[in-house]
$ cat target.pdb   # PDB, C-alpha atoms and all ligand atoms
ATOM      1  CA  MET A   1     140.733  97.753 103.636
ATOM      2  CA  LYS A   2     137.003  97.356 104.275
ATOM      3  CA  ALA A   3     136.145  96.179 107.797
ATOM      4  CA  GLU A   4     134.294  93.134 106.433
ATOM      5  CA  ASP A   5     137.336  92.126 104.349
ATOM      6  CA  PHE A   6     139.604  92.459 107.386
ATOM      7  CA  ASP A   7     137.200  90.318 109.423
ATOM      8  CA  LEU A   8     137.054  87.714 106.653
ATOM      9  CA  LEU A   9     140.852  87.470 106.325
ATOM     10  CA  ALA A  10     141.566  87.579 110.065
ATOM     11  CA  GLY A  11     138.854  84.939 110.650
ATOM     12  CA  THR A  12     140.244  82.716 107.905
ATOM     13  CA  VAL A  13     143.804  82.922 109.247
ATOM     14  CA  LYS A  14     142.604  82.173 112.789
ATOM     15  CA  GLU A  15     140.529  79.208 111.652
ATOM     16  CA  ARG A  16     143.421  77.688 109.705
ATOM     17  CA  SER A  17     146.325  78.379 112.074
ATOM     18  CA  GLY A  18     145.144  79.845 115.377
ATOM     19  CA  LEU A  19     147.013  83.104 114.678
ATOM     20  CA  ILE A  20     145.199  86.171 115.955
ATOM     21  CA  LEU A  21     145.339  89.326 113.844
ATOM     22  CA  SER A  22     144.210  92.390 115.740
ATOM     23  CA  LYS A  23     142.732  95.395 113.906
ATOM     24  CA  ASP A  24     145.986  97.345 114.246
ATOM     25  CA  LYS A  25     147.571  94.691 112.004
ATOM     26  CA  ALA A  26     145.389  95.648 108.996
ATOM     27  CA  TYR A  27     148.422  97.322 107.376
ATOM     28  CA  LEU A  28     150.315  94.026 107.703
ATOM     29  CA  LEU A  29     147.542  92.183 105.878
ATOM     30  CA  GLU A  30     147.770  94.656 103.022
ATOM     31  CA  THR A  31     151.561  94.568 102.653
ATOM     32  CA  ARG A  32     151.907  90.809 103.062
ATOM     33  CA  LEU A  33     148.898  89.755 100.994
ATOM     34  CA  MET A  34     149.540  91.797  97.837
ATOM     35  CA  PRO A  35     152.346  89.412  96.758
ATOM     36  CA  VAL A  36     150.011  86.463  97.484
ATOM     37  CA  ALA A  37     147.285  88.052  95.318
ATOM     38  CA  ARG A  38     149.807  88.536  92.485
ATOM     39  CA  LYS A  39     151.039  84.921  92.810
ATOM     40  CA  HIS A  40     147.444  83.746  92.326
ATOM     41  CA  GLY A  41     146.899  86.071  89.340
ATOM     42  CA  LEU A  42     144.519  88.350  91.233
ATOM     43  CA  GLN A  43     144.240  92.125  90.784
ATOM     44  CA  GLY A  44     144.178  93.037  94.446
ATOM     45  CA  LEU A  45     142.816  92.290  97.893
ATOM     46  CA  GLU A  46     139.148  92.665  96.920
ATOM     47  CA  GLU A  47     139.510  89.919  94.326
ATOM     48  CA  LEU A  48     141.484  87.872  96.831
ATOM     49  CA  CYS A  49     138.610  88.149  99.325
ATOM     50  CA  VAL A  50     136.162  86.880  96.696
ATOM     51  CA  LYS A  51     138.315  83.761  96.250
ATOM     52  CA  VAL A  52     138.613  83.322 100.026
ATOM     53  CA  ARG A  53     134.812  83.440 100.306
ATOM     54  CA  GLY A  54     134.809  80.648  97.701
ATOM     55  CA  ARG A  55     137.140  78.674 100.052
ATOM     56  CA  ASP A  56     140.073  78.469  97.600
ATOM     57  CA  ARG A  57     142.233  76.139  99.696
ATOM     58  CA  ALA A  58     145.628  76.800  98.098
ATOM     59  CA  LEU A  59     145.037  80.538  98.415
ATOM     60  CA  ILE A  60     143.998  80.222 102.078
ATOM     61  CA  GLU A  61     147.178  78.252 102.805
ATOM     62  CA  ASP A  62     149.329  80.910 101.137
ATOM     63  CA  ILE A  63     147.525  83.697 103.013
ATOM     64  CA  THR A  64     148.075  81.938 106.336
ATOM     65  CA  GLU A  65     151.721  81.334 105.545
ATOM     66  CA  ALA A  66     152.215  84.962 104.637
ATOM     67  CA  MET A  67     150.814  86.033 108.007
ATOM     68  CA  THR A  68     153.112  83.874 110.140
ATOM     69  CA  THR A  69     156.018  85.480 112.000
ATOM     70  CA  ASN A  70     159.088  83.343 111.401
ATOM     71  CA  GLU A  71     161.653  85.136 113.523
ATOM     72  CA  SER A  72     164.149  82.638 114.976
ATOM     73  CA  LEU A  73     167.795  82.355 115.878
ATOM     74  CA  PHE A  74     170.348  79.768 116.883
ATOM     75  CA  PHE A  75     170.460  78.987 120.626
ATOM     76  CA  ARG A  76     167.608  81.414 121.245
ATOM     77  CA  ASP A  77     167.509  82.432 124.930
ATOM     78  CA  ASN A  78     170.566  80.204 125.650
ATOM     79  CA  LYS A  79     169.204  78.712 128.907
ATOM     80  CA  PRO A  80     167.159  75.862 127.366
ATOM     81  CA  PHE A  81     170.212  74.773 125.389
ATOM     82  CA  ASP A  82     172.557  75.015 128.392
ATOM     83  CA  GLN A  83     170.033  72.942 130.347
ATOM     84  CA  PHE A  84     169.730  70.458 127.497
ATOM     85  CA  THR A  85     173.407  69.548 127.866
ATOM     86  CA  SER A  86     173.787  69.942 131.620
ATOM     87  CA  ALA A  87     170.554  68.380 132.927
ATOM     88  CA  VAL A  88     167.897  67.275 130.418
ATOM     89  CA  LEU A  89     170.014  64.962 128.298
ATOM     90  CA  PRO A  90     171.900  63.366 131.248
ATOM     91  CA  GLY A  91     168.595  62.853 133.112
ATOM     92  CA  LEU A  92     166.944  61.253 130.103
ATOM     93  CA  MET A  93     169.961  59.084 129.314
ATOM     94  CA  LYS A  94     169.720  57.680 132.816
ATOM     95  CA  ALA A  95     165.970  57.123 132.528
ATOM     96  CA  ARG A  96     166.169  55.607 129.009
ATOM     97  CA  GLU A  97     169.260  53.435 129.581
ATOM     98  CA  GLY A  98     167.174  50.363 128.618
ATOM     99  CA  GLN A  99     165.800  51.678 125.304
ATOM    100  CA  LYS A 100     168.707  53.930 124.325
ATOM    101  CA  ARG A 101     166.272  56.091 122.397
ATOM    102  CA  ILE A 102     165.313  59.727 122.899
ATOM    103  CA  ARG A 103     162.728  61.607 120.838
ATOM    104  CA  ILE A 104     162.627  65.392 120.606
ATOM    105  CA  TRP A 105     160.015  67.571 118.880
ATOM    106  CA  SER A 106     160.657  71.137 117.790
ATOM    107  CA  ALA A 107     157.002  72.032 117.327
ATOM    108  CA  ALA A 108     157.172  75.369 115.475
ATOM    109  CA  CYS A 109     160.678  75.197 114.079
ATOM    110  CA  SER A 110     160.534  78.075 111.583
ATOM    111  CA  SER A 111     163.752  78.104 109.519
ATOM    112  CA  GLY A 112     165.409  75.363 111.581
ATOM    113  CA  GLN A 113     167.720  77.201 113.973
ATOM    114  CA  GLU A 114     166.105  75.582 117.051
ATOM    115  CA  PRO A 115     166.336  71.901 115.989
ATOM    116  CA  TYR A 116     169.785  72.447 114.480
ATOM    117  CA  SER A 117     171.002  74.018 117.738
ATOM    118  CA  LEU A 118     169.927  70.748 119.387
ATOM    119  CA  SER A 119     171.498  68.502 116.760
ATOM    120  CA  MET A 120     174.816  70.378 117.055
ATOM    121  CA  LEU A 121     174.711  69.971 120.844
ATOM    122  CA  ALA A 122     173.944  66.273 120.473
ATOM    123  CA  LYS A 123     176.862  65.891 118.034
ATOM    124  CA  GLU A 124     179.092  67.647 120.559
ATOM    125  CA  GLN A 125     178.318  64.804 123.004
ATOM    126  CA  GLY A 126     180.544  62.585 120.842
ATOM    127  CA  ALA A 127     180.909  58.976 121.969
ATOM    128  CA  LYS A 128     178.451  59.399 124.861
ATOM    129  CA  LEU A 129     175.539  59.119 122.433
ATOM    130  CA  SER A 130     177.182  56.787 119.927
ATOM    131  CA  ASP A 131     175.010  53.749 120.692
ATOM    132  CA  TRP A 132     171.879  55.861 121.176
ATOM    133  CA  ARG A 133     169.147  56.683 118.732
ATOM    134  CA  LEU A 134     168.306  60.378 119.000
ATOM    135  CA  ASP A 135     165.339  61.431 116.854
ATOM    136  CA  ILE A 136     164.656  65.114 116.324
ATOM    137  CA  LEU A 137     161.393  65.908 114.570
ATOM    138  CA  ALA A 138     160.977  69.531 113.502
ATOM    139  CA  THR A 139     157.640  70.813 112.219
ATOM    140  CA  ASP A 140     156.085  74.088 111.145
ATOM    141  CA  ILE A 141     152.851  75.090 109.449
ATOM    142  CA  SER A 142     154.824  76.996 106.826
ATOM    143  CA  MET A 143     156.019  74.897 103.893
ATOM    144  CA  GLU A 144     158.345  77.746 102.878
ATOM    145  CA  MET A 145     160.021  77.671 106.316
ATOM    146  CA  VAL A 146     160.276  73.876 106.343
ATOM    147  CA  ASN A 147     161.955  73.962 102.931
ATOM    148  CA  LYS A 148     164.362  76.673 104.061
ATOM    149  CA  ALA A 149     165.127  74.675 107.203
ATOM    150  CA  LYS A 150     165.762  71.483 105.240
ATOM    151  CA  ALA A 151     168.227  73.283 102.975
ATOM    152  CA  GLY A 152     170.249  74.395 106.026
ATOM    153  CA  ILE A 153     171.573  77.497 104.243
ATOM    154  CA  TYR A 154     171.851  80.670 106.311
ATOM    155  CA  THR A 155     172.924  84.249 105.694
ATOM    156  CA  GLN A 156     175.823  85.945 107.424
ATOM    157  CA  PHE A 157     173.254  87.834 109.538
ATOM    158  CA  GLU A 158     171.556  84.585 110.615
ATOM    159  CA  VAL A 159     174.756  82.814 111.629
ATOM    160  CA  GLN A 160     175.883  85.873 113.563
ATOM    161  CA  ARG A 161     172.807  85.666 115.796
ATOM    162  CA  GLY A 162     173.350  83.291 118.701
ATOM    163  CA  LEU A 163     175.653  80.783 117.055
ATOM    164  CA  PRO A 164     179.023  80.428 118.840
ATOM    165  CA  ILE A 165     181.903  81.000 116.421
ATOM    166  CA  THR A 166     183.397  77.611 117.329
ATOM    167  CA  LEU A 167     180.248  75.834 116.114
ATOM    168  CA  LEU A 168     180.070  78.030 113.007
ATOM    169  CA  ILE A 169     183.598  77.059 112.029
ATOM    170  CA  LYS A 170     183.105  73.405 112.909
ATOM    171  CA  TYR A 171     179.726  72.732 111.307
ATOM    172  CA  PHE A 172     179.199  75.291 108.503
ATOM    173  CA  LYS A 173     180.838  75.843 105.132
ATOM    174  CA  GLN A 174     180.914  79.295 103.599
ATOM    175  CA  ASN A 175     179.670  79.704 100.018
ATOM    176  CA  GLY A 176     179.939  83.362  99.042
ATOM    177  CA  ASP A 177     177.724  85.269 101.465
ATOM    178  CA  LYS A 178     175.873  82.138 102.616
ATOM    179  CA  TRP A 179     176.716  79.427 105.136
ATOM    180  CA  THR A 180     175.677  75.790 104.603
ATOM    181  CA  LEU A 181     175.218  73.499 107.576
ATOM    182  CA  ASP A 182     177.083  70.183 107.508
ATOM    183  CA  ALA A 183     175.012  67.347 105.981
ATOM    184  CA  ALA A 184     175.635  65.114 109.015
ATOM    185  CA  ILE A 185     174.027  67.687 111.340
ATOM    186  CA  ARG A 186     171.144  68.253 108.914
ATOM    187  CA  SER A 187     170.472  64.526 108.653
ATOM    188  CA  MET A 188     169.912  64.328 112.417
ATOM    189  CA  VAL A 189     166.676  66.316 112.003
ATOM    190  CA  GLN A 190     163.555  65.167 110.219
ATOM    191  CA  PHE A 191     161.450  68.065 108.946
ATOM    192  CA  LYS A 192     157.812  68.148 107.954
ATOM    193  CA  THR A 193     154.892  70.542 107.764
ATOM    194  CA  PHE A 194     152.449  70.192 110.629
ATOM    195  CA  ASN A 195     149.651  72.395 111.914
ATOM    196  CA  LEU A 196     149.503  72.536 115.722
ATOM    197  CA  LEU A 197     145.700  72.762 115.519
ATOM    198  CA  GLU A 198     145.533  69.241 114.099
ATOM    199  CA  SER A 199     145.558  65.942 115.982
ATOM    200  CA  MET A 200     149.113  65.230 117.147
ATOM    201  CA  SER A 201     148.637  61.504 117.761
ATOM    202  CA  SER A 202     150.298  60.425 114.483
ATOM    203  CA  LEU A 203     153.556  62.052 115.629
ATOM    204  CA  GLY A 204     154.095  59.554 118.469
ATOM    205  CA  GLN A 205     155.606  60.037 121.939
ATOM    206  CA  PHE A 206     158.328  62.537 122.755
ATOM    207  CA  ASP A 207     160.719  62.955 125.665
ATOM    208  CA  ILE A 208     161.298  66.661 125.077
ATOM    209  CA  VAL A 209     159.055  69.143 123.277
ATOM    210  CA  PHE A 210     160.148  72.628 122.285
ATOM    211  CA  CYS A 211     157.074  74.717 121.505
ATOM    212  CA  ARG A 212     158.558  78.168 121.784
ATOM    213  CA  ASN A 213     157.398  81.559 120.618
ATOM    214  CA  VAL A 214     154.291  80.397 118.822
ATOM    215  CA  LEU A 215     151.625  80.245 121.558
ATOM    216  CA  ILE A 216     152.004  84.031 121.973
ATOM    217  CA  TYR A 217     150.187  84.434 118.646
ATOM    218  CA  PHE A 218     147.165  82.356 119.765
ATOM    219  CA  ASP A 219     144.170  83.176 121.981
ATOM    220  CA  GLN A 220     143.735  81.491 125.391
ATOM    221  CA  GLU A 221     141.433  78.775 124.096
ATOM    222  CA  THR A 222     143.817  77.768 121.303
ATOM    223  CA  LYS A 223     146.829  77.864 123.663
ATOM    224  CA  GLY A 224     144.932  75.503 126.005
ATOM    225  CA  LYS A 225     144.045  73.071 123.207
ATOM    226  CA  VAL A 226     147.587  72.979 121.833
ATOM    227  CA  LEU A 227     149.056  72.409 125.309
ATOM    228  CA  GLU A 228     146.560  69.638 125.975
ATOM    229  CA  GLY A 229     147.526  68.008 122.668
ATOM    230  CA  ILE A 230     151.220  68.228 123.549
ATOM    231  CA  SER A 231     150.626  66.722 127.007
ATOM    232  CA  LYS A 232     149.246  63.591 125.329
ATOM    233  CA  GLN A 233     152.385  63.205 123.207
ATOM    234  CA  LEU A 234     154.855  63.895 126.005
ATOM    235  CA  ALA A 235     156.302  61.039 128.077
ATOM    236  CA  ASP A 236     155.224  61.293 131.720
ATOM    237  CA  ASP A 237     158.795  62.076 132.784
ATOM    238  CA  GLY A 238     159.443  64.346 129.787
ATOM    239  CA  VAL A 239     159.680  68.119 129.633
ATOM    240  CA  LEU A 240     158.170  70.902 127.589
ATOM    241  CA  TYR A 241     159.909  74.167 126.772
ATOM    242  CA  LEU A 242     157.939  77.333 126.075
ATOM    243  CA  GLY A 243     159.279  80.734 125.010
ATOM    244  CA  GLY A 244     160.301  83.397 127.516
ATOM    245  CA  ALA A 245     157.009  85.310 127.135
ATOM    246  CA  GLU A 246     154.856  82.175 127.387
ATOM    247  CA  THR A 247     153.456  80.204 130.309
ATOM    248  CA  VAL A 248     151.019  77.414 131.176
ATOM    249  CA  LEU A 249     149.739  79.267 134.234
ATOM    250  CA  GLY A 250     146.079  80.190 133.948
ATOM    251  CA  ILE A 251     145.825  78.278 130.651
ATOM    252  CA  THR A 252     146.003  74.571 131.384
ATOM    253  CA  ASP A 253     146.281  72.250 134.372
ATOM    254  CA  LYS A 254     148.136  69.629 132.321
ATOM    255  CA  PHE A 255     151.543  71.226 132.979
ATOM    256  CA  ALA A 256     153.403  72.890 135.836
ATOM    257  CA  PRO A 257     156.676  74.863 135.800
ATOM    258  CA  VAL A 258     159.764  72.858 136.775
ATOM    259  CA  SER A 259     161.191  74.744 139.708
ATOM    260  CA  GLY A 260     164.694  76.048 139.139
ATOM    261  CA  TYR A 261     164.500  75.629 135.345
ATOM    262  CA  ARG A 262     163.199  78.726 133.577
ATOM    263  CA  GLY A 263     160.956  78.051 130.588
ATOM    264  CA  MET A 264     160.727  74.325 131.390
ATOM    265  CA  TYR A 265     157.418  72.592 132.207
ATOM    266  CA  GLN A 266     156.582  69.103 133.450
ATOM    267  CA  LYS A 267     153.406  67.071 133.254
ATOM    268  CA  LYS A 268     151.414  67.795 136.386
ATOM    269  CA  GLY A 269     151.495  64.917 138.866
ATOM    270  CA  PHE A 270     154.693  63.396 137.459
ATOM    271  CA  THR A 271     158.405  63.834 138.132
ATOM    272  CA  PRO A 272     160.522  64.765 135.125
ATOM    273  CA  SER A 273     163.654  62.687 134.604
ATOM    274  CA  VAL A 274     165.656  65.910 134.546
ATOM    275  CA  ILE A 275     165.298  66.084 138.342
ATOM    276  CA  PRO A 276     167.855  63.750 139.987
ATOM    277  CA  THR A 277     166.191  61.092 142.170
TER     278      THR A 277
HETATM  279  C1  LIG B   1     158.383  83.075 115.890
HETATM  280  S1  LIG B   1     158.583  81.507 115.117
HETATM  281  C2  LIG B   1     159.327  80.586 116.425
HETATM  282  C3  LIG B   1     160.447  79.717 115.933
HETATM  283  C4  LIG B   1     161.223  78.969 117.038
HETATM  284  N1  LIG B   1     160.390  78.064 117.784
HETATM  285  C5  LIG B   1     161.886  79.933 117.971
HETATM  286  O1  LIG B   1     161.475  80.064 119.127
HETATM  287  O2  LIG B   1     162.840  80.605 117.552
HETATM  288  C6  LIG B   1     156.891  80.928 115.129
HETATM  289  C7  LIG B   1     156.638  79.816 114.112
HETATM  290  O3  LIG B   1     155.357  79.238 114.400
HETATM  291  C8  LIG B   1     154.798  78.802 113.176
HETATM  292  N2  LIG B   1     153.355  78.597 113.365
HETATM  293  C9  LIG B   1     152.378  79.536 113.485
HETATM  294  N3  LIG B   1     151.176  78.952 113.609
HETATM  295  C10 LIG B   1     151.398  77.607 113.580
HETATM  296  C11 LIG B   1     150.545  76.473 113.658
HETATM  297  N4  LIG B   1     149.220  76.595 113.803
HETATM  298  N5  LIG B   1     151.110  75.264 113.575
HETATM  299  C12 LIG B   1     152.460  75.113 113.423
HETATM  300  N6  LIG B   1     153.312  76.148 113.342
HETATM  301  C13 LIG B   1     152.778  77.384 113.416
HETATM  302  C14 LIG B   1     155.167  79.915 112.212
HETATM  303  O4  LIG B   1     155.110  79.497 110.863
HETATM  304  C15 LIG B   1     156.567  80.304 112.677
HETATM  305  O5  LIG B   1     157.563  79.703 111.895
END

$ encode --input "target.pdb" --output "structure tokens"
Amino acid sequence: MKAEDFDLLAGTVKERSGLILSKDKAYLLETRLMPVARKHGLQGLEELCVKVRGRDRALIEDITEAMTTNESLFFRDNKPFDQFTSAVLPGLMKAREGQKRIRIWSAACSSGQEPYSLSMLAKEQGAKLSDWRLDILATDISMEMVNKAKAGIYTQFEVQRGLPITLLIKYFKQNGDKWTLDAAIRSMVQFKTFNLLESMSSLGQFDIVFCRNVLIYFDQETKGKVLEGISKQLADDGVLYLGGAETVLGITDKFAPVSGYRGMYQKKGFTPSVIPT
């Protein structure tokens, strides 16, 4: 691939999604974008670049989608989900006793394993949450991932990664080599496409935000902007979860780590409801 074509494609992907493609990823552009070129009736990457220069919006969206990394699994990293049941949910239920409403945002949900891990845990609470309204919004820039998530159909490989067998048996039905998640668990999550680079104000206020394993693909400036956006949507006593390889340190002064809770961040200057008072 010509250097100018790489620069054009990498620049376009960064502008649309924040994702950084380093030069050593040129091979990835070639393998992932050939199917996109074919879908748009183009001969190859040179023709694709001509269309990108002409700002073909549908093509740019498909290119960006093709360059996202959608790796996810149920109960990824375990700890945040253990904490959700043992500390975050009880703390919030105490703090929101008056409203009986909790809002959660899974901000780069990929194929849905993260929000569905939460909805299964919420269901496991049984009667404790029966008169509560628990909203889980799950968003991703990739329409393909959002559609896959909505369907709630997973392969044997996907359900074997992270999902306890008890929950698999309880909440999934096997159809041949696929597993379909129970409609009641699916209906607890609202899915939609959303680009983290856009204004988040229309999404409303959240008590918990999971924004895990996406900031790693952004540069410092983009990480800072996204975190600032999230801080505006997070309740003052709410918490943010980042992925294991991500941090707020050196990026933003809007958040600080919650001591004793790995991967959990609070709004600076406030006390999260997860900490008993
Ligand atoms: C590696 S997955 C992480 C999924 C899940 N949060 C987890 O930790 O398992 C990263 C997701 O971020 C999404 N993504 C990348 N750039 C985005 C953006 N600008 N806005 C919203 N989602 C984005 C990708 O489509 C992908 O599904």

$ closest_residue --input "target.pdb" --among "A:Leu8, A:Ile153, A:Cys211, A:Leu21" --to "ligand LIG 1 (chain B)" --atoms "only C-alpha atoms and all ligand atoms"
A:Cys211

$ resolve_selection --input "target.pdb" --expression "the PyMOL selection byres (((chain A and resi 117) around 9) and not hetatm)" --output "ChimeraX atom specification"
/A:74-76,81,112-116,118-122,163

$ atom_distance --input "target.pdb" --atom1 "CA of Phe157 in chain A" --atom2 "CA of Leu134 in chain A"
29.5 Å

$ residues_near_ligand --input "target.pdb" --ligand "ligand LIG 1 (chain B)" --cutoff "9 Å" --atoms "only C-alpha atoms and all ligand atoms" --output "PyMOL selection string"
chain A and resi 14+16-19+64-77+106-115+139-146+193-198+210-218+226+242-243

$ axis_aligned_box --input "target.pdb" --around "range 151-154 of chain A" --padding-each-side "8 Å" --output "JSON"
{"center_x": 170.0, "center_y": 77.0, "center_z": 104.6, "size_x": 19.6, "size_y": 23.4, "size_z": 19.3}

$ atom_distance --input "target.pdb" --atom1 "CA of Gln233 in chain A" --atom2 "CA of Gly204 in chain A"
6.2 Å

$ residues_around --input "target.pdb" --residues "Ser231 in chain A" --least-positions-apart "3" --cutoff "10 Å" --atoms "all atoms listed in the file" --output "list of chain:residue names"
A:Gln205, A:Phe206, A:Val209, A:Lys225, A:Val226, A:Leu227, A:Glu228, A:Leu234, A:Ala235, A:Asp236, A:Gly238, A:Val239, A:Leu240, A:Lys254, A:Phe255, A:Gln266, A:Lys267, A:Lys268

$ resolve_selection --input "target.pdb" --expression "the PyMOL selection byres (((chain A and resi 79) around 12) and not hetatm)" --output "VMD selection string"
chain A and resid 75 to 78 80 to 88 162 241 to 244 260 to 264

$ residues_near_point --input "target.pdb" --point "(172.0, 65.6, 112.5)" --cutoff "8 Å" --atoms "only C-alpha atoms" --output "VMD selection string"
chain A and resid 116 119 to 120 123 183 to 189

$ atom_distance --input "target.pdb" --atom1 "CA of Gly176 in chain A" --atom2 "CA of Gln160 in chain A"
15.3 Å

$ closest_residue --input "target.pdb" --among "A:Asp56, A:Glu158, A:Glu47, A:Asp207" --to "Met93 in chain A" --atoms "all atoms listed in the file"
A:Asp207

$ resolve_selection --input "target.pdb" --expression "the PyMOL selection byres (((chain A and resi 100) around 10) and not hetatm)" --output "number ranges by chain"
A: 92-99, 101-102, 129-134

$ residues_near_point --input "target.pdb" --point "(146.4, 81.5, 101.9)" --cutoff "10 Å" --atoms "all atoms listed in the file" --output "NGL selection string"
:A and (9 or 12-13 or 16 or 33 or 36-37 or 40 or 48 or 52 or 55-67)

$ decode --input "target.pdb" --residues "range 17-28 of chain A" --atoms "N, CA and C atoms" --output "CSV table (one decimal), in the first residue's frame"
chain,number,residue,atom,x,y,z
A,17,SER,N,-13.5,7.8,14.3
A,17,SER,CA,-13.7,7.0,15.5
A,17,SER,C,-12.7,7.2,16.7
A,18,GLY,N,-11.6,7.9,16.4
A,18,GLY,CA,-10.6,8.0,17.4
A,18,GLY,C,-9.5,6.9,17.3
A,19,LEU,N,-9.8,5.8,16.6
A,19,LEU,CA,-8.9,4.7,16.6
A,19,LEU,C,-7.6,5.0,15.9
A,20,ILE,N,-6.5,4.7,16.5
A,20,ILE,CA,-5.2,5.0,15.9
A,20,ILE,C,-4.7,3.7,15.2
A,21,LEU,N,-4.3,3.9,14.0
A,21,LEU,CA,-3.7,2.8,13.2
A,21,LEU,C,-2.2,3.1,13.0
A,22,SER,N,-1.3,2.4,13.6
A,22,SER,CA,0.1,2.6,13.4
A,22,SER,C,0.6,2.0,12.1
A,23,LYS,N,1.7,2.4,11.6
A,23,LYS,CA,2.2,2.0,10.3
A,23,LYS,C,2.3,0.4,10.3
A,24,ASP,N,2.7,-0.2,11.4
A,24,ASP,CA,2.8,-1.7,11.4
A,24,ASP,C,1.5,-2.4,11.2
A,25,LYS,N,0.4,-1.6,11.2
A,25,LYS,CA,-1.0,-2.2,11.0
A,25,LYS,C,-1.4,-2.1,9.5
A,26,ALA,N,-0.5,-1.7,8.6
A,26,ALA,CA,-0.8,-1.6,7.2
A,26,ALA,C,-1.4,-2.9,6.6
A,27,TYR,N,-0.8,-4.0,7.1
A,27,TYR,CA,-1.3,-5.3,6.6
A,27,TYR,C,-2.7,-5.5,7.0
A,28,LEU,N,-3.1,-5.0,8.2
A,28,LEU,CA,-4.5,-5.2,8.7
A,28,LEU,C,-5.5,-4.4,7.8
